[in-house]
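Q: I'm passing along upload.cif; it holds mmCIF, C-alpha atoms.
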data_entry
#
loop_
_atom_site.label_atom_id
_atom_site.label_comp_id
_atom_site.auth_asym_id
_atom_site.auth_seq_id
_atom_site.Cartn_x
_atom_site.Cartn_y
_atom_site.Cartn_z
CA MET A 5 15.08 101.73 -41.79
CA MET A 6 16.77 98.39 -42.02
CA GLU A 7 15.40 94.88 -41.40
CA SER A 8 16.35 95.45 -37.75
CA GLY A 9 14.05 98.45 -37.43
CA LEU A 10 17.00 100.65 -36.48
CA PRO A 11 17.46 104.06 -38.11
CA PRO A 12 20.45 104.65 -40.44
CA ASN A 13 23.93 104.40 -38.85
CA TRP A 14 22.66 102.29 -35.92
CA VAL A 15 23.76 98.69 -35.37
CA VAL A 16 23.43 96.13 -32.60
CA ARG A 17 26.65 95.00 -30.93
CA TRP A 18 27.31 92.48 -28.16
CA SER A 19 28.72 93.55 -24.78
CA LYS A 20 31.41 91.13 -23.62
CA SER A 21 31.29 92.41 -20.05
CA ARG A 22 27.50 92.28 -19.58
CA ASN A 23 26.79 89.50 -22.10
CA ILE A 24 23.90 91.41 -23.67
CA PRO A 25 23.45 93.42 -26.87
CA TYR A 26 23.62 97.21 -27.02
CA TYR A 27 23.01 99.85 -29.68
CA PHE A 28 25.87 101.63 -31.46
CA ASN A 29 25.73 104.65 -33.75
CA THR A 30 28.55 104.23 -36.28
CA ALA A 31 28.40 107.86 -37.46
CA ARG A 32 28.76 109.36 -33.98
CA ASN A 33 30.77 106.53 -32.34
CA GLU A 34 28.28 106.47 -29.47
CA SER A 35 26.72 103.52 -27.71
CA GLN A 36 23.68 103.10 -25.47
CA TRP A 37 21.73 100.29 -23.80
CA GLU A 38 18.30 101.54 -24.86
CA PRO A 39 17.23 101.54 -28.52
CA PRO A 40 17.20 104.85 -30.40
CA ALA A 41 13.94 106.73 -29.90
CA ASP A 42 13.17 106.73 -33.64
CA ALA A 43 13.58 102.96 -34.10
CA ASP A 44 10.68 100.97 -35.55
CA GLN A 45 9.71 99.21 -32.31
CA VAL A 46 7.76 96.38 -33.98
CA LYS A 47 10.59 95.46 -36.38
CA LEU A 48 13.24 95.90 -33.66
CA LYS A 49 11.34 93.67 -31.23
CA ALA A 50 11.14 90.86 -33.82
CA TYR A 51 14.77 91.36 -34.89
CA MET A 52 16.10 91.27 -31.32
CA ALA A 53 14.06 88.17 -30.48
CA SER A 54 15.32 86.29 -33.53
CA LYS A 55 18.94 87.46 -33.69
CA HIS A 56 20.03 88.45 -30.19
CA SER A 57 18.60 86.03 -27.65
CA ALA A 58 21.35 84.37 -25.65
CA PRO A 59 21.32 80.62 -25.03
CA PRO A 60 20.32 79.56 -21.50
CA LEU A 61 23.04 79.67 -18.84
CA GLN A 62 24.62 76.35 -17.96
CA GLN A 63 24.47 75.00 -14.40
CA GLN A 64 27.32 76.50 -12.42
CA PRO A 65 29.02 74.77 -9.48
CA ASN A 66 29.36 76.31 -6.00
CA GLN A 67 26.10 78.26 -5.99
CA GLU A 68 25.18 77.27 -2.43
CA GLY A 69 22.45 79.47 -0.98
CA LYS A 70 21.62 80.87 -4.41
CA ILE A 71 18.77 80.20 -6.77
CA ARG A 72 18.36 80.78 -10.48
CA CYS A 73 15.24 82.33 -11.96
CA ALA A 74 13.87 83.71 -15.19
CA HIS A 75 11.24 86.39 -15.26
CA LEU A 76 8.97 88.35 -17.54
CA LEU A 77 8.57 92.01 -16.59
CA VAL A 78 5.80 94.36 -17.69
CA LYS A 79 6.54 97.96 -16.74
CA HIS A 80 4.00 100.74 -16.35
CA ASN A 81 4.03 104.51 -16.07
CA GLN A 82 4.60 104.34 -12.29
CA SER A 83 7.61 102.00 -12.60
CA ARG A 84 10.84 103.43 -11.19
CA ARG A 85 12.25 103.63 -14.73
CA PRO A 86 9.34 103.66 -17.21
CA SER A 87 11.36 102.77 -20.31
CA SER A 88 12.75 99.57 -21.77
CA TRP A 89 14.68 98.07 -24.67
CA LYS A 90 11.35 97.96 -26.53
CA GLU A 91 9.93 101.39 -25.68
CA PRO A 92 11.76 104.63 -24.84
CA GLU A 93 8.74 105.81 -22.80
CA ILE A 94 6.22 103.44 -21.24
CA THR A 95 2.82 105.09 -20.85
CA ARG A 96 0.57 102.15 -19.94
CA THR A 97 -1.12 102.28 -16.55
CA LYS A 98 -0.46 99.84 -13.73
CA GLU A 99 -3.89 98.32 -14.37
CA GLU A 100 -3.08 97.82 -18.07
CA ALA A 101 0.25 96.22 -17.12
CA MET A 102 -1.55 93.83 -14.76
CA GLU A 103 -4.00 92.89 -17.51
CA ILE A 104 -1.08 92.13 -19.86
CA ILE A 105 0.79 90.02 -17.30
CA LEU A 106 -2.37 88.08 -16.38
CA ASN A 107 -2.84 87.29 -20.08
CA PHE A 108 0.76 86.03 -20.27
CA GLU A 109 0.25 83.96 -17.11
CA ALA A 110 -2.89 82.36 -18.57
CA ARG A 111 -1.09 81.49 -21.83
CA ILE A 112 1.85 79.93 -19.96
CA ARG A 113 -0.34 77.92 -17.58
CA ALA A 114 -2.45 76.72 -20.55
CA GLY A 115 0.72 75.45 -22.25
CA GLU A 116 0.39 77.82 -25.21
CA ALA A 117 3.81 79.39 -24.59
CA SER A 118 6.71 79.20 -22.17
CA LEU A 119 7.85 82.04 -19.94
CA ALA A 120 11.22 81.99 -21.74
CA ASP A 121 9.61 82.32 -25.17
CA LEU A 122 7.34 85.18 -24.10
CA ALA A 123 10.14 86.93 -22.19
CA THR A 124 12.28 87.02 -25.34
CA SER A 125 9.89 89.34 -27.15
CA GLU A 126 7.56 90.72 -24.49
CA SER A 127 9.58 91.42 -21.32
CA ASP A 128 10.50 95.02 -20.56
CA CYS A 129 13.73 93.84 -18.88
CA SER A 130 17.02 93.58 -20.78
CA SER A 131 17.13 89.95 -19.57
CA ALA A 132 14.71 89.32 -22.46
CA ARG A 133 17.86 88.82 -24.53
CA LYS A 134 18.65 85.85 -22.28
CA ARG A 135 15.12 84.43 -22.39
CA GLY A 136 14.40 86.18 -19.09
CA ASP A 137 17.21 84.31 -17.31
CA LEU A 138 18.59 86.34 -14.40
CA GLY A 139 21.27 83.79 -13.52
CA PHE A 140 22.04 82.82 -9.93
CA PHE A 141 21.35 85.20 -7.05
CA GLY A 142 21.19 85.02 -3.29
CA ARG A 143 19.19 86.75 -0.60
CA GLY A 144 19.61 90.51 -0.53
CA GLU A 145 20.44 90.82 -4.25
CA MET A 146 16.93 91.49 -5.60
CA GLN A 147 14.03 93.72 -4.57
CA LYS A 148 12.38 92.24 -1.48
CA GLU A 149 9.03 91.41 -3.09
CA PHE A 150 10.81 89.67 -5.98
CA GLU A 151 13.20 87.81 -3.68
CA ASP A 152 10.43 86.61 -1.34
CA ALA A 153 8.38 85.26 -4.26
CA ALA A 154 11.39 83.67 -5.98
CA PHE A 155 12.71 81.89 -2.88
CA ALA A 156 9.18 80.59 -2.11
CA LEU A 157 9.05 78.76 -5.46
CA LYS A 158 10.18 75.19 -6.03
CA VAL A 159 12.31 74.43 -9.09
CA GLY A 160 10.03 74.41 -12.14
CA GLU A 161 7.29 76.49 -10.50
CA MET A 162 6.09 79.87 -11.73
CA SER A 163 4.76 82.66 -9.53
CA HIS A 164 1.55 84.57 -9.91
CA PRO A 165 2.09 88.29 -10.71
CA VAL A 166 4.57 89.96 -8.35
CA GLU A 167 4.58 93.76 -8.01
CA THR A 168 7.84 95.62 -7.38
CA ALA A 169 9.09 99.16 -7.97
CA SER A 170 10.27 97.95 -11.40
CA GLY A 171 6.84 96.78 -12.55
CA ILE A 172 4.91 93.51 -12.53
CA HIS A 173 6.75 90.19 -12.91
CA LEU A 174 6.10 86.53 -13.54
CA ILE A 175 8.97 84.54 -12.03
CA GLU A 176 10.01 80.99 -12.88
CA ARG A 177 12.50 79.18 -10.67
CA LEU A 178 15.06 77.34 -12.77
CA ALA A 179 17.46 76.01 -10.08
#
Starting from the file, give its structure as structure tokens.

A:
Amino acid sequence: MMESGLPPNWVVRWSKSRNIPYYFNTARNESQWEPPADADQVKLKAYMASKHSAPPLQQQPNQEGKIRCAHLLVKHNQSRRPSSWKEPEITRTKEEAMEIILNFEARIRAGEASLADLATSESDCSSARKRGDLGFFGRGEMQKEFEDAAFALKVGEMSHPVETASGIHLIERLA
């Protein structure tokens, strides 16, 4: 395994259309969004956080009716897709996921870490590569529970844990 934690013949490339990294097998000429199952997850997590986190999005004009949020997602075995860029199969229970997210919330509220910093290495969403930044979105573009919580926040505020079909989120309103 390389410094990246990827098995031989695997590299990380950047998607121009989605503006996020993906995994490419040079021997088979195949690409995928999820890491290879036999990757060293600890090394890969550190590598992706240090080498492939995108800079924050700049303020964009003409976003009337839209807000911009970042989030940190912790999936569990009942999530609609229990896998992530960090883990090919998520086996933790919903209760364990809640315990993890409450720990992250406590650390953020205590000033020990920012949501963006934790999202980079800990979020189960591919937006981790963008420090959890989801960009601008309007009503009807996100799951209802997520949307309701996000639109209720003021700029700079962070939600308490929000449960959706995807998992459990902390949401920070950026704009």

Q: Since I can't run it myself right now, could you work out what the PyMOL selection byres ((chain A and resi 44-56) around 9) selects here and report it as a ChimeraX atom specification?

A: /A:5-11,16,18,24-25,39,41-43,57-58,89-91,124-126,132-135

Q: Which one of A:Met102, A:Ala74, A:Lys158, A:Arg113 sits closest to Glu176 (chain A) if you count all atoms listed in the file?

A: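 Smallest separation from Glu176 (chain A) among the options: A:Ala74.
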
Q: Kindly resolve the PyMOL selection byres ((chain A and resi 171) around 10) on the present coordinates and return the residues as a tab-separated table (two decimals) with C-alpha atoms, keeping the file's coordinate frame.

A:
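File produced: result_31.tsv:
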chain	number	residue	atom	x	y	z
A	77	LEU	CA	8.57	92.01	-16.59
A	78	VAL	CA	5.80	94.36	-17.69
A	79	LYS	CA	6.54	97.96	-16.74
A	80	HIS	CA	4.00	100.74	-16.35
A	81	ASN	CA	4.03	104.51	-16.07
A	82	GLN	CA	4.60	104.34	-12.29
A	83	SER	CA	7.61	102.00	-12.60
A	84	ARG	CA	10.84	103.43	-11.19
A	85	ARG	CA	12.25	103.63	-14.73
A	86	PRO	CA	9.34	103.66	-17.21
A	98	LYS	CA	-0.46	99.84	-13.73
A	101	ALA	CA	0.25	96.22	-17.12
A	102	MET	CA	-1.55	93.83	-14.76
A	128	ASP	CA	10.50	95.02	-20.56
A	129	CYS	CA	13.73	93.84	-18.88
A	165	PRO	CA	2.09	88.29	-10.71
A	166	VAL	CA	4.57	89.96	-8.35
A	167	GLU	CA	4.58	93.76	-8.01
A	168	THR	CA	7.84	95.62	-7.38
A	169	ALA	CA	9.09	99.16	-7.97
A	170	SER	CA	10.27	97.95	-11.40
A	172	ILE	CA	4.91	93.51	-12.53
A	173	HIS	CA	6.75	90.19	-12.91

Q: Using only C-alpha atoms, can you tell me which of A:Met162, A:Arg17, A:Ile71, A:Asp121 comes closest to Gly136 (chain A)?

A: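 Of the candidates, the smallest distance to Gly136 (chain A) is held by A:Asp121.
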
Q: Restricting the calculation to all atoms listed in the file: of A:Asn13, A:Thr97, A:Asn29, A:Ser88, which residue gets closest to Ser131 (chain A)?

A: A:Ser88

Q: Since I can't run it myself right now, could you work out what the PyMOL selection byres ((chain A and resi 161) around 10) selects here and report it as a list in words?

A: Cys73, Ala154, Ala156, Leu157, Lys158, Val159, Gly160, Met162, Ser163, His164, Ile175, Glu176, Arg177 and Leu178 of chain A

Q: A:Leu76, A:Val15, A:Ala123, A:Ile94: which is nearest Phe28 (chain A), counting all atoms listed in the file?

A: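 Closest residue, counting all atoms listed in the file: A:Val15.
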
Q: Find the distance between CA of Ile104 (chain A) and CA of Ser127 (chain A) and write it in Å to one decimal.

A: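 Between these atoms lies a distance of 10.8 Å.
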
Q: If I take CA of Gln36 (chain A) and CA of His75 (chain A), how far is one from the other in Å, to one decimal?

A: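 Separation between CA of Gln36 (chain A) and CA of His75 (chain A): 23.2 Å.
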
Q: I'd like the interatomic distance between CA of Leu174 (chain A) and CA of Glu68 (chain A), to a tenth of an Å.

A: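 Result for CA of Leu174 (chain A) versus CA of Glu68 (chain A): 23.9 Å, one decimal.
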
Q: Could you rebuild region 12-33 of chain A with N, CA, C and O atoms and give me the result as a PDB file, in the frame of the given file?

A:
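Final output, rebuild02.pdb:
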ATOM      1  N   PRO A  12      19.133 104.698 -39.803  1.00  0.00           N
ATOM      2  CA  PRO A  12      20.450 104.650 -40.440  1.00  0.00           C
ATOM      3  C   PRO A  12      21.574 104.926 -39.431  1.00  0.00           C
ATOM      4  O   PRO A  12      21.414 105.712 -38.503  1.00  0.00           O
ATOM      5  N   ASN A  13      22.706 104.276 -39.644  1.00  0.00           N
ATOM      6  CA  ASN A  13      23.930 104.400 -38.850  1.00  0.00           C
ATOM      7  C   ASN A  13      23.865 103.702 -37.499  1.00  0.00           C
ATOM      8  O   ASN A  13      24.809 103.786 -36.723  1.00  0.00           O
ATOM      9  N   TRP A  14      22.764 103.025 -37.183  1.00  0.00           N
ATOM     10  CA  TRP A  14      22.660 102.290 -35.920  1.00  0.00           C
ATOM     11  C   TRP A  14      22.819 100.798 -36.180  1.00  0.00           C
ATOM     12  O   TRP A  14      22.283 100.267 -37.145  1.00  0.00           O
ATOM     13  N   VAL A  15      23.579 100.136 -35.302  1.00  0.00           N
ATOM     14  CA  VAL A  15      23.760  98.690 -35.370  1.00  0.00           C
ATOM     15  C   VAL A  15      23.632  98.120 -33.955  1.00  0.00           C
ATOM     16  O   VAL A  15      23.714  98.843 -32.966  1.00  0.00           O
ATOM     17  N   VAL A  16      23.455  96.822 -33.884  1.00  0.00           N
ATOM     18  CA  VAL A  16      23.430  96.130 -32.600  1.00  0.00           C
ATOM     19  C   VAL A  16      24.782  95.455 -32.423  1.00  0.00           C
ATOM     20  O   VAL A  16      25.274  94.785 -33.333  1.00  0.00           O
ATOM     21  N   ARG A  17      25.387  95.653 -31.279  1.00  0.00           N
ATOM     22  CA  ARG A  17      26.650  95.000 -30.930  1.00  0.00           C
ATOM     23  C   ARG A  17      26.465  94.232 -29.634  1.00  0.00           C
ATOM     24  O   ARG A  17      25.508  94.454 -28.910  1.00  0.00           O
ATOM     25  N   TRP A  18      27.408  93.326 -29.346  1.00  0.00           N
ATOM     26  CA  TRP A  18      27.310  92.480 -28.160  1.00  0.00           C
ATOM     27  C   TRP A  18      28.319  92.922 -27.109  1.00  0.00           C
ATOM     28  O   TRP A  18      29.508  93.029 -27.385  1.00  0.00           O
ATOM     29  N   SER A  19      27.848  93.164 -25.893  1.00  0.00           N
ATOM     30  CA  SER A  19      28.720  93.550 -24.780  1.00  0.00           C
ATOM     31  C   SER A  19      29.376  92.307 -24.189  1.00  0.00           C
ATOM     32  O   SER A  19      28.687  91.390 -23.734  1.00  0.00           O
ATOM     33  N   LYS A  20      30.693  92.269 -24.207  1.00  0.00           N
ATOM     34  CA  LYS A  20      31.410  91.130 -23.620  1.00  0.00           C
ATOM     35  C   LYS A  20      31.342  91.150 -22.104  1.00  0.00           C
ATOM     36  O   LYS A  20      31.326  90.105 -21.469  1.00  0.00           O
ATOM     37  N   SER A  21      31.302  92.325 -21.511  1.00  0.00           N
ATOM     38  CA  SER A  21      31.290  92.410 -20.050  1.00  0.00           C
ATOM     39  C   SER A  21      29.918  92.092 -19.450  1.00  0.00           C
ATOM     40  O   SER A  21      29.833  91.468 -18.411  1.00  0.00           O
ATOM     41  N   ARG A  22      28.846  92.502 -20.116  1.00  0.00           N
ATOM     42  CA  ARG A  22      27.500  92.280 -19.580  1.00  0.00           C
ATOM     43  C   ARG A  22      26.785  91.116 -20.255  1.00  0.00           C
ATOM     44  O   ARG A  22      25.706  90.711 -19.831  1.00  0.00           O
ATOM     45  N   ASN A  23      27.352  90.624 -21.351  1.00  0.00           N
ATOM     46  CA  ASN A  23      26.790  89.500 -22.100  1.00  0.00           C
ATOM     47  C   ASN A  23      25.373  89.795 -22.602  1.00  0.00           C
ATOM     48  O   ASN A  23      24.503  88.929 -22.577  1.00  0.00           O
ATOM     49  N   ILE A  24      25.168  91.023 -23.049  1.00  0.00           N
ATOM     50  CA  ILE A  24      23.900  91.410 -23.670  1.00  0.00           C
ATOM     51  C   ILE A  24      24.178  92.371 -24.816  1.00  0.00           C
ATOM     52  O   ILE A  24      25.223  93.016 -24.844  1.00  0.00           O
ATOM     53  N   PRO A  25      23.244  92.483 -25.766  1.00  0.00           N
ATOM     54  CA  PRO A  25      23.450  93.420 -26.870  1.00  0.00           C
ATOM     55  C   PRO A  25      23.227  94.868 -26.444  1.00  0.00           C
ATOM     56  O   PRO A  25      22.557  95.150 -25.455  1.00  0.00           O
ATOM     57  N   TYR A  26      23.830  95.775 -27.212  1.00  0.00           N
ATOM     58  CA  TYR A  26      23.620  97.210 -27.020  1.00  0.00           C
ATOM     59  C   TYR A  26      23.551  97.853 -28.394  1.00  0.00           C
ATOM     60  O   TYR A  26      23.773  97.208 -29.417  1.00  0.00           O
ATOM     61  N   TYR A  27      23.208  99.139 -28.427  1.00  0.00           N
ATOM     62  CA  TYR A  27      23.010  99.850 -29.680  1.00  0.00           C
ATOM     63  C   TYR A  27      24.166 100.822 -29.909  1.00  0.00           C
ATOM     64  O   TYR A  27      24.563 101.540 -29.005  1.00  0.00           O
ATOM     65  N   PHE A  28      24.695 100.817 -31.142  1.00  0.00           N
ATOM     66  CA  PHE A  28      25.870 101.630 -31.460  1.00  0.00           C
ATOM     67  C   PHE A  28      25.591 102.455 -32.713  1.00  0.00           C
ATOM     68  O   PHE A  28      25.132 101.932 -33.722  1.00  0.00           O
ATOM     69  N   ASN A  29      25.880 103.758 -32.615  1.00  0.00           N
ATOM     70  CA  ASN A  29      25.730 104.650 -33.750  1.00  0.00           C
ATOM     71  C   ASN A  29      27.102 104.791 -34.403  1.00  0.00           C
ATOM     72  O   ASN A  29      28.013 105.386 -33.814  1.00  0.00           O
ATOM     73  N   THR A  30      27.254 104.247 -35.601  1.00  0.00           N
ATOM     74  CA  THR A  30      28.550 104.230 -36.280  1.00  0.00           C
ATOM     75  C   THR A  30      28.986 105.612 -36.753  1.00  0.00           C
ATOM     76  O   THR A  30      30.176 105.869 -36.878  1.00  0.00           O
ATOM     77  N   ALA A  31      28.041 106.518 -37.000  1.00  0.00           N
ATOM     78  CA  ALA A  31      28.400 107.860 -37.460  1.00  0.00           C
ATOM     79  C   ALA A  31      28.928 108.725 -36.315  1.00  0.00           C
ATOM     80  O   ALA A  31      29.837 109.524 -36.501  1.00  0.00           O
ATOM     81  N   ARG A  32      28.361 108.539 -35.120  1.00  0.00           N
ATOM     82  CA  ARG A  32      28.760 109.360 -33.980  1.00  0.00           C
ATOM     83  C   ARG A  32      29.689 108.631 -33.003  1.00  0.00           C
ATOM     84  O   ARG A  32      30.122 109.222 -32.022  1.00  0.00           O
ATOM     85  N   ASN A  33      29.941 107.344 -33.246  1.00  0.00           N
ATOM     86  CA  ASN A  33      30.770 106.530 -32.340  1.00  0.00           C
ATOM     87  C   ASN A  33      30.230 106.568 -30.908  1.00  0.00           C
ATOM     88  O   ASN A  33      30.985 106.694 -29.955  1.00  0.00           O
TER      89      ASN A  33
END
